$ cat upload29.pdb   # PDB, C-alpha atoms
ATOM      1  CA  TYR A   5      18.256   5.189  -8.545
ATOM      2  CA  THR A   6      20.448   6.743 -11.245
ATOM      3  CA  GLY A   7      22.024   9.869  -9.772
ATOM      4  CA  GLN A   8      21.176  11.802 -12.938
ATOM      5  CA  ARG A   9      19.949  15.375 -13.364
ATOM      6  CA  LEU A  10      16.268  16.263 -13.827
ATOM      7  CA  LYS A  11      16.488  16.867 -17.588
ATOM      8  CA  ASP A  12      18.320  13.576 -18.172
ATOM      9  CA  CYS A  13      15.638  11.682 -16.230
ATOM     10  CA  VAL A  14      12.582  13.473 -17.630
ATOM     11  CA  LEU A  15      13.737  13.231 -21.254
ATOM     12  CA  LEU A  16      14.996   9.636 -21.020
ATOM     13  CA  GLN A  17      13.880   7.668 -24.077
ATOM     14  CA  TRP A  18      13.148   3.964 -24.379
ATOM     15  CA  HIS A  19      15.944   3.366 -26.901
ATOM     16  CA  SER A  20      18.347   4.269 -24.071
ATOM     17  CA  VAL A  21      16.911   1.618 -21.742
ATOM     18  CA  ASP A  22      18.132  -1.945 -22.194
ATOM     19  CA  MET A  23      15.732  -4.037 -20.137
ATOM     20  CA  GLU A  24      17.420  -7.296 -21.121
ATOM     21  CA  ARG A  25      20.882  -6.220 -19.931
ATOM     22  CA  ARG A  26      19.306  -4.031 -17.215
ATOM     23  CA  ARG A  27      21.246  -0.906 -18.145
ATOM     24  CA  ILE A  28      20.408   2.703 -18.973
ATOM     25  CA  TRP A  29      22.527   4.729 -21.372
ATOM     26  CA  VAL A  30      22.508   8.528 -20.912
ATOM     27  CA  LYS A  31      24.240  11.239 -22.917
ATOM     28  CA  GLN A  32      24.004  14.009 -20.345
ATOM     29  CA  PHE A  33      22.462  17.217 -21.623
ATOM     30  CA  LYS A  34      24.593  19.476 -19.418
ATOM     31  CA  THR A  35      28.036  17.967 -20.055
ATOM     32  CA  GLY A  36      27.587  15.767 -23.111
ATOM     33  CA  LYS A  37      29.219  12.914 -21.198
ATOM     34  CA  GLU A  38      27.966   9.428 -21.894
ATOM     35  CA  VAL A  39      27.276   7.179 -18.925
ATOM     36  CA  THR A  40      25.782   3.739 -18.521
ATOM     37  CA  ILE A  41      23.950   2.883 -15.353
ATOM     38  CA  PRO A  42      22.829  -0.511 -14.027
ATOM     39  CA  ILE A  43      19.099  -0.648 -13.378
ATOM     40  CA  ALA A  44      18.249  -1.247  -9.705
ATOM     41  CA  ASP A  45      15.587  -3.879  -8.993
ATOM     42  CA  GLU A  46      13.090  -1.260  -7.806
ATOM     43  CA  LEU A  47      13.597   0.853 -10.922
ATOM     44  CA  PHE A  48      13.370  -2.238 -13.125
ATOM     45  CA  GLU A  49       9.921  -3.025 -11.702
ATOM     46  CA  VAL A  50       8.720   0.531 -12.345
ATOM     47  CA  LEU A  51      10.113   0.496 -15.884
ATOM     48  CA  GLN A  52       8.290  -2.777 -16.587
ATOM     49  CA  LEU A  53       5.037  -1.114 -15.490
ATOM     50  CA  ALA A  54       5.843   1.974 -17.564
ATOM     51  CA  LYS A  55       6.151  -0.176 -20.696
ATOM     52  CA  ALA A  56       2.398  -0.806 -20.437
ATOM     53  CA  TRP A  57       1.558   2.887 -20.916
ATOM     54  CA  GLN A  58       4.257   3.632 -23.484
ATOM     55  CA  CYS A  59       2.803   6.012 -26.075
ATOM     56  CA  ASN A  60       5.937   7.530 -27.644
ATOM     57  CA  ASN A  61       9.724   7.377 -27.269
ATOM     58  CA  TYR A  62       9.839   8.913 -23.788
ATOM     59  CA  VAL A  63       9.864   6.800 -20.640
ATOM     60  CA  CYS A  64       7.842   9.553 -18.903
ATOM     61  CA  PRO A  65       5.833  10.828 -21.895
ATOM     62  CA  LYS A  66       3.506  13.297 -20.163
ATOM     63  CA  THR A  67       6.283  14.779 -18.029
ATOM     64  CA  ALA A  68       8.559  15.064 -21.081
ATOM     65  CA  GLU A  69       5.779  16.842 -22.986
ATOM     66  CA  ARG A  70       5.349  19.327 -20.138
ATOM     67  CA  TYR A  71       9.127  19.767 -19.795
ATOM     68  CA  ASN A  72       9.468  20.584 -23.503
ATOM     69  CA  ARG A  73       6.720  23.269 -23.412
ATOM     70  CA  LEU A  74       7.705  26.566 -25.075
ATOM     71  CA  ASP A  75       6.251  30.060 -24.701
ATOM     72  CA  ALA A  76       5.166  32.267 -27.644
ATOM     73  CA  ASP A  77       8.772  33.408 -28.165
ATOM     74  CA  GLY A  78      10.088  29.833 -28.328
ATOM     75  CA  LYS A  79      11.668  29.960 -24.870
ATOM     76  CA  ASN A  80      11.432  26.796 -22.775
ATOM     77  CA  ILE A  81       9.066  27.298 -19.862
ATOM     78  CA  GLY A  82       8.280  23.652 -19.224
ATOM     79  CA  ASN A  83      11.459  22.978 -17.269
ATOM     80  CA  ASN A  84      10.255  25.453 -14.626
ATOM     81  CA  VAL A  85       6.797  23.859 -14.579
ATOM     82  CA  VAL A  86       8.229  20.393 -13.927
ATOM     83  CA  ASN A  87      10.649  21.760 -11.340
ATOM     84  CA  LEU A  88       7.735  23.425  -9.511
ATOM     85  CA  ASP A  89       5.953  20.057  -9.493
ATOM     86  CA  VAL A  90       9.017  18.489  -7.874
ATOM     87  CA  LEU A  91       9.030  21.230  -5.222
ATOM     88  CA  ARG A  92       5.327  20.573  -4.563
ATOM     89  CA  VAL A  93       6.049  16.874  -3.999
ATOM     90  CA  ILE A  94       8.895  17.716  -1.632
ATOM     91  CA  ARG A  95       6.584  20.038   0.295
ATOM     92  CA  TRP A  96       3.862  17.335   0.271
ATOM     93  CA  ILE A  97       6.203  14.862   2.017
ATOM     94  CA  GLY A  98       6.728  17.398   4.781
ATOM     95  CA  VAL A  99       9.995  19.097   3.835
ATOM     96  CA  GLU A 100      10.122  22.827   3.091
ATOM     97  CA  PRO A 101      12.101  23.087  -0.155
ATOM     98  CA  SER A 102      12.956  26.796   0.007
ATOM     99  CA  LEU A 103      14.023  29.362   2.565
ATOM    100  CA  PRO A 104      13.491  33.115   2.781
ATOM    101  CA  VAL A 105      16.673  35.175   2.476
ATOM    102  CA  PRO A 106      16.841  38.619   4.088
ATOM    103  CA  GLY A 107      17.087  41.328   1.443
ATOM    104  CA  ARG A 108      15.850  39.115  -1.402
ATOM    105  CA  LYS A 109      12.356  38.909  -2.831
ATOM    106  CA  ARG A 110      12.703  35.289  -3.956
ATOM    107  CA  ARG A 111      13.228  32.364  -1.673
ATOM    108  CA  VAL A 112      16.317  30.161  -2.132
ATOM    109  CA  THR A 113      15.738  26.517  -2.992
ATOM    110  CA  GLN A 114      17.241  24.263  -0.364
ATOM    111  CA  TYR A 115      15.839  20.926  -1.552
ATOM    112  CA  GLY A 116      14.919  20.084  -5.122
ATOM    113  CA  PHE A 117      15.341  17.328  -7.663
ATOM    114  CA  HIS A 118      19.095  17.961  -7.715
ATOM    115  CA  SER A 119      19.193  17.047  -4.016
ATOM    116  CA  LEU A 120      18.596  13.461  -5.141
ATOM    117  CA  ARG A 121      21.889  13.568  -7.073
ATOM    118  CA  HIS A 122      23.701  14.722  -3.923
ATOM    119  CA  THR A 123      21.954  12.045  -1.858
ATOM    120  CA  PHE A 124      22.869   9.373  -4.415
ATOM    121  CA  ALA A 125      26.542  10.381  -4.259
ATOM    122  CA  SER A 126      26.514  10.496  -0.472
ATOM    123  CA  HIS A 127      24.877   7.080  -0.103
ATOM    124  CA  CYS A 128      27.418   5.588  -2.504
ATOM    125  CA  ALA A 129      30.321   7.146  -0.588
ATOM    126  CA  GLU A 130      28.973   5.946   2.760
ATOM    127  CA  ALA A 131      28.467   2.443   1.345
ATOM    128  CA  GLY A 132      32.129   2.326   0.307
ATOM    129  CA  VAL A 133      31.461   2.459  -3.439
ATOM    130  CA  PRO A 134      34.819   3.201  -5.084
ATOM    131  CA  LYS A 135      35.048   6.796  -6.260
ATOM    132  CA  ALA A 136      35.810   5.720  -9.839
ATOM    133  CA  VAL A 137      32.523   3.786  -9.944
ATOM    134  CA  LEU A 138      30.559   6.726  -8.528
ATOM    135  CA  LEU A 139      32.140   9.113 -11.037
ATOM    136  CA  SER A 140      31.323   6.753 -13.915
ATOM    137  CA  ILE A 141      27.638   6.846 -12.954
ATOM    138  CA  LEU A 142      27.421  10.569 -12.172
ATOM    139  CA  GLY A 143      29.408  11.510 -15.269
ATOM    140  CA  THR A 144      31.388  14.114 -13.382
ATOM    141  CA  ASP A 145      35.000  14.575 -12.387
ATOM    142  CA  SER A 146      36.484  13.891  -8.979
ATOM    143  CA  GLU A 147      36.864  17.516  -7.897
ATOM    144  CA  ILE A 148      33.187  18.310  -8.512
ATOM    145  CA  ALA A 149      32.020  15.133  -6.761
ATOM    146  CA  ASP A 150      34.238  15.809  -3.760
ATOM    147  CA  LYS A 151      33.367  19.485  -3.480
ATOM    148  CA  TYR A 152      29.639  19.489  -4.241
ATOM    149  CA  TYR A 153      28.027  16.058  -4.332
ATOM    150  CA  THR A 154      29.398  13.880  -1.581
ATOM    151  CA  HIS A 155      28.164  14.666   1.917
ATOM    152  CA  ILE A 156      29.166  12.122   4.521
ATOM    153  CA  GLY A 157      26.757  11.613   7.407
ATOM    154  CA  GLU A 158      27.427  11.304  11.125
ATOM    155  CA  GLU A 159      26.971   7.508  11.175
ATOM    156  CA  ALA A 160      29.652   6.991   8.518
ATOM    157  CA  GLN A 161      31.985   9.338  10.375
ATOM    158  CA  LEU A 162      31.375   7.437  13.615
ATOM    159  CA  ARG A 163      32.205   4.132  11.869
ATOM    160  CA  ALA A 164      35.446   5.691  10.592
ATOM    161  CA  ILE A 165      36.472   6.838  14.090
ATOM    162  CA  GLU A 166      35.586   3.475  15.612
ATOM    163  CA  ALA A 167      37.577   1.695  12.895
ATOM    164  CA  VAL A 168      40.632   3.841  13.658
ATOM    165  CA  CYS A 169      40.235   2.996  17.354
ATOM    166  CA  GLY A 170      40.048  -0.709  16.560
ATOM    167  CA  ASN A 171      36.385  -0.929  17.527
ATOM    168  CA  MET A 172      34.938  -2.158  14.259
ATOM    169  CA  VAL A 173      31.199  -1.622  14.127
ATOM    170  CA  ILE A 174      29.250  -4.731  13.196
ATOM    171  CA  SER A 175      26.054  -4.043  11.315
ATOM    172  CA  ALA A 176      22.750  -5.632  12.324
ATOM    173  CA  SER A 177      22.772  -7.892   9.252
ATOM    174  CA  GLU A 178      26.314  -9.057  10.092
ATOM    175  CA  ARG A 179      25.254  -9.837  13.685
ATOM    176  CA  ILE A 180      22.288 -11.858  12.383
ATOM    177  CA  ARG A 181      24.555 -13.798  10.005
ATOM    178  CA  GLU A 182      26.958 -14.541  12.870
ATOM    179  CA  ALA A 183      24.066 -15.677  15.103
ATOM    180  CA  LEU A 184      22.697 -17.963  12.377
ATOM    181  CA  LYS A 185      26.159 -19.392  11.784
ATOM    182  CA  TYR A 186      26.494 -20.077  15.505
ATOM    183  CA  LEU A 187      23.032 -21.660  15.695
ATOM    184  CA  ALA A 188      23.930 -23.955  12.802
ATOM    185  CA  THR A 189      26.814 -25.369  14.856
ATOM    186  CA  LEU A 190      24.574 -26.342  17.793
ATOM    187  CA  PRO A 191      23.006 -29.761  18.061
ATOM    188  CA  ASN A 192      19.239 -29.715  17.409
ATOM    189  CA  SER A 193      18.505 -30.437  21.068
ATOM    190  CA  GLU A 194      20.082 -27.128  22.128
ATOM    191  CA  ILE A 195      18.120 -24.960  19.697
TER     192      ILE A 195
END
$ encode --input "upload29.pdb" --output "structure tokens"
Amino acid sequence: YTGQRLKDCVLLQWHSVDMERRRIWVKQFKTGKEVTIPIADELFEVLQLAKAWQCNNYVCPKTAERYNRLDADGKNIGNNVVNLDVLRVIRWIGVEPSLPVPGRKRRVTQYGFHSLRHTFASHCAEAGVPKAVLLSILGTDSEIADKYYTHIGEEAQLRAIEAVCGNMVISASERIREALKYLATLPNSEI
């Protein structure tokens, strides 16, 4: 619900969450850019539940602890541990996150936590969210969003073609609203 990277989500701290104004403030680790993000209703409910098990400054305290794990040489190894957990969840839902590549020992990750950032951008684009708004949430520039993050689906492309042809597609919710409006104009005896 935020379009942020794994590290920004896992290490999110409560002082960056304004439950009253329903906004999250993030200074992105990768770019240093500061973004503010409205809190979706579903995320708000989860954050309210998370308040009950708050034990330190992190919104996800146990995951943050694992993410910050260091080896004997002081190198971060926790980020890989958390990323592997994400891949396990993806596999658990029935999607294979990595593919074998001929000539390489290691598989290539196809779906991971970062896929959620791409999906977020794509859903926003398909919903007609202005690019400036999307960029303000992602904290990236237009060229990167266009080239890497936004992937338009077949349904959105079909709507674009139909719009050009003058055959505007009416969504199911719009058809229901139109039907209800029509029913409201009928005398009670006809309903």
$ resolve_selection --input "upload29.pdb" --expression "the PyMOL selection byres ((chain A and resi 75-92) around 8)" --output "list in words"
Lys11, Thr67, Arg70, Tyr71, Asn72, Arg73, Leu74, Val93, Ile94, Arg95, Trp96, Pro101, Tyr115, Gly116 and Phe117 of chain A
$ closest_atom_pairs --input "upload29.pdb" --of "range 72-129 of chain A" --to "range 138-144 of chain A" --cutoff "9 Å" --atoms "all atoms listed in the file" --output "tab-separated table"
residue	atom	partner	partner_atom	distance
A:Arg121	CA	A:Leu142	CA	8.1
A:Ala125	CA	A:Leu138	CA	6.9
A:Cys128	CA	A:Leu138	CA	6.9
A:Ala129	CA	A:Leu138	CA	8.0
$ atom_distance --input "upload29.pdb" --atom1 "CA of Trp18 in chain A" --atom2 "CA of His122 in chain A"
25.4 Å
$ closest_residue --input "upload29.pdb" --among "A:Asp12, A:Gly132, A:Ser102, A:Val137" --to "Gly36 in chain A" --atoms "all atoms listed in the file"
A:Asp12
$ resolve_selection --input "upload29.pdb" --expression "the PyMOL selection byres ((chain A and resi 26) around 10)" --output "JSON, numbers by chain"
{"A": [21, 22, 23, 24, 25, 27, 28, 41, 42, 43, 44, 45, 47, 48]}
$ axis_aligned_box --input "upload29.pdb" --around "range 82-91 of chain A" --padding-each-side "5 Å" --output "JSON"
{"center_x": 8.7, "center_y": 22.0, "center_z": -12.2, "size_x": 15.5, "size_y": 17.0, "size_z": 24.0}
$ closest_residue --input "upload29.pdb" --among "A:Thr40, A:Gln52, A:Ser20, A:Asn60" --to "Gly7 in chain A" --atoms "all atoms listed in the file"
A:Thr40
$ residues_around --input "upload29.pdb" --residues "Val112 in chain A" --least-positions-apart "2" --cutoff "8 Å" --atoms "all atoms listed in the file" --output "list in words"
Ser102, Leu103, Pro104, Val105, Arg110 and Gln114 of chain A
$ atom_distance --input "upload29.pdb" --atom1 "CA of Glu100 in chain A" --atom2 "CA of Thr123 in chain A"
16.8 Å
$ closest_residue --input "upload29.pdb" --among "A:Gln58, A:Gln8, A:Thr113, A:Ser126" --to "Phe33 in chain A" --atoms "all atoms listed in the file"
A:Gln8
$ residues_around --input "upload29.pdb" --residues "Ala68 in chain A" --least-positions-apart "4" --cutoff "8 Å" --atoms "only C-alpha atoms" --output "list in words"
Val14, Leu15, Tyr62, Cys64 and Asn72 of chain A
$ atom_distance --input "upload29.pdb" --atom1 "CA of Ile180 in chain A" --atom2 "CA of Glu49 in chain A"
28.5 Å
$ closest_residue --input "upload29.pdb" --among "A:His118, A:Lys66, A:Arg108, A:Lys37" --to "Arg9 in chain A" --atoms "all atoms listed in the file"
A:His118
